[in-house]
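Participant: Structure below; questions to follow.
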Amino acid sequence: MPIDILPLILALVLGYLAGSIPFGLILTQAAGLGDIRKIGSGNIGATNVLRTGNRPVAAATLVLDALKAAIPVLVARYFWGEEAAMLAAVGAFLGHCFPVWLGFKGGKGVAVMIGSLLSLAWPVGLIFCAVWLLIAYTRKISSLAALTAAATAPIFAYVVVGSTGLTLTVLGLALLLFFQHRENIGRLMSGTESTIGGDKKAG
């Protein structure tokens, strides 16, 4: 039976458009905190928003960035099925990291990956959050926590759910997250990465 490509394309586009909404930029400007792209690492994610010192705005950015992935995934699943839902997750991640409205310079994708995983397979999403919290608490390095959670997520997707399609989708998201954290990886290797609550190096 031939695959209907149109719903898959629509799911990918829906995910991208939702994911490209720059909540970090919108909220910081609305709160009078200036242009988040000129602060810290210059990206629009919650971690960089936290560098403004406004925790409520950072928390709101985290939640909204997760929702902008979860909602298109749930919509795509409802109308077009599971394969479309996975493509919507990929689209949301690409939209967040490479938003056309901001010259393809966005965030690093941690919150978007959380929202995607919670909506695709909530046990895997909860495990991702648990791994992030464990590493963040013990090592005090946000990027290391994100990278560790992302690296283990495909394994848990395969073990817990057993779906090849989901596992490959999560692997793709993890690889994108690693790509977005390539500068952080360099600093981790050199021992110069900033710590949570420590200095304000670009992260």
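If you're wondering about the labels, chains in the structure tokens are A, B, ... by order shown, residues count from 1 in each chain, ligands from 1 in order shown.
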Please list as a PyMOL selection string every residue within 7 Å of Ala153 (chain A), counting only C-alpha atoms and excluding residues in the same chain fewer than 4 positions away.
Facilitator: chain A and resi 124+128+149+157+170
Participant: Could you name the residues that touch Val112 (chain A) at 9 Å or less, counting only C-alpha atoms, but leaving out those on the same chain fewer than 3 positions away, as a list in words?
Facilitator: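 Counting only the stated atoms, we get Gly19, Leu62, Leu64, Asp65, Ala66, Leu67, Lys68, Ala69, Ala70, Ala89, Ala92, Phe93, His96, Lys108, Gly109, Gly115, Ser116 and Leu117 of chain A.
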Participant: So which one's closest to Arg139 (chain A), A:Leu10, A:Val49, A:Ala121, A:Ile196? Using only C-alpha atoms, please.
Facilitator: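 Among the listed residues, the smallest separation from Arg139 (chain A) belongs to A:Ile196.
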Participant: Tell me which of A:Ile44, A:Leu94, A:Ile39, A:Ile5 sits closest to Ala18 (chain A), counting only C-alpha atoms.
Facilitator: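 Distance minimum relative to Ala18 (chain A) lands on A:Leu94.
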Participant: I want to know what sits within 10 Å of region 32-37 of chain A, based on only C-alpha atoms, with residues of the same chain fewer than 4 positions away left out; could you give that as JSON, numbers by chain?
Facilitator: {"A": [24, 25, 26, 27, 28, 41, 42, 43, 44, 45, 48, 49, 50, 51, 52, 53, 54, 57, 102, 105, 106]}
Participant: Out of A:Leu8, A:Leu168, A:Ala136, A:Val131, which residue has the shortest atom-to-atom distance to Glu82 (chain A) when counting only C-alpha atoms?
Facilitator: A:Leu8
Participant: Pick from A:Thr61, A:Ser20, A:Thr164, A:Ser143: nearest to Ser194 (chain A), with only C-alpha atoms counted?
Facilitator: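 Of the candidates, the smallest distance to Ser194 (chain A) is held by A:Ser143.
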Participant: What lies within 12 Å of Leu147 (chain A) using only C-alpha atoms, ignoring chain neighbours under 5 positions off, as a list in words?
Facilitator: Lys108, Gly109, Val110, Met113, Phe128, Cys129, Val131, Trp132, Leu133, Ile135, Ala136, Ile141, Ser142, Thr152, Ala153, Leu173, Ala174, Leu175, Leu176, Leu177, Phe178, Phe179, Gln180, His181, Arg182, Asn184, Ile185 and Leu188 of chain A
Participant: Please identify which residues in region 36-145 of chain A DSSP calls helix (DSSP H, G or I) from the backbone, and express them as a PyMOL selection string.
Facilitator: chain A and resi 36-38+46-50+55-80+82-97+100-102+110-120+122-139+142-145
Participant: Expressed in Å to a single decimal, how great is the separation between CA of Ala151 (chain A) and CA of Gly103 (chain A)?
Facilitator: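 Spanning CA of Ala151 (chain A) to CA of Gly103 (chain A) is a straight-line distance of 28.1 Å.
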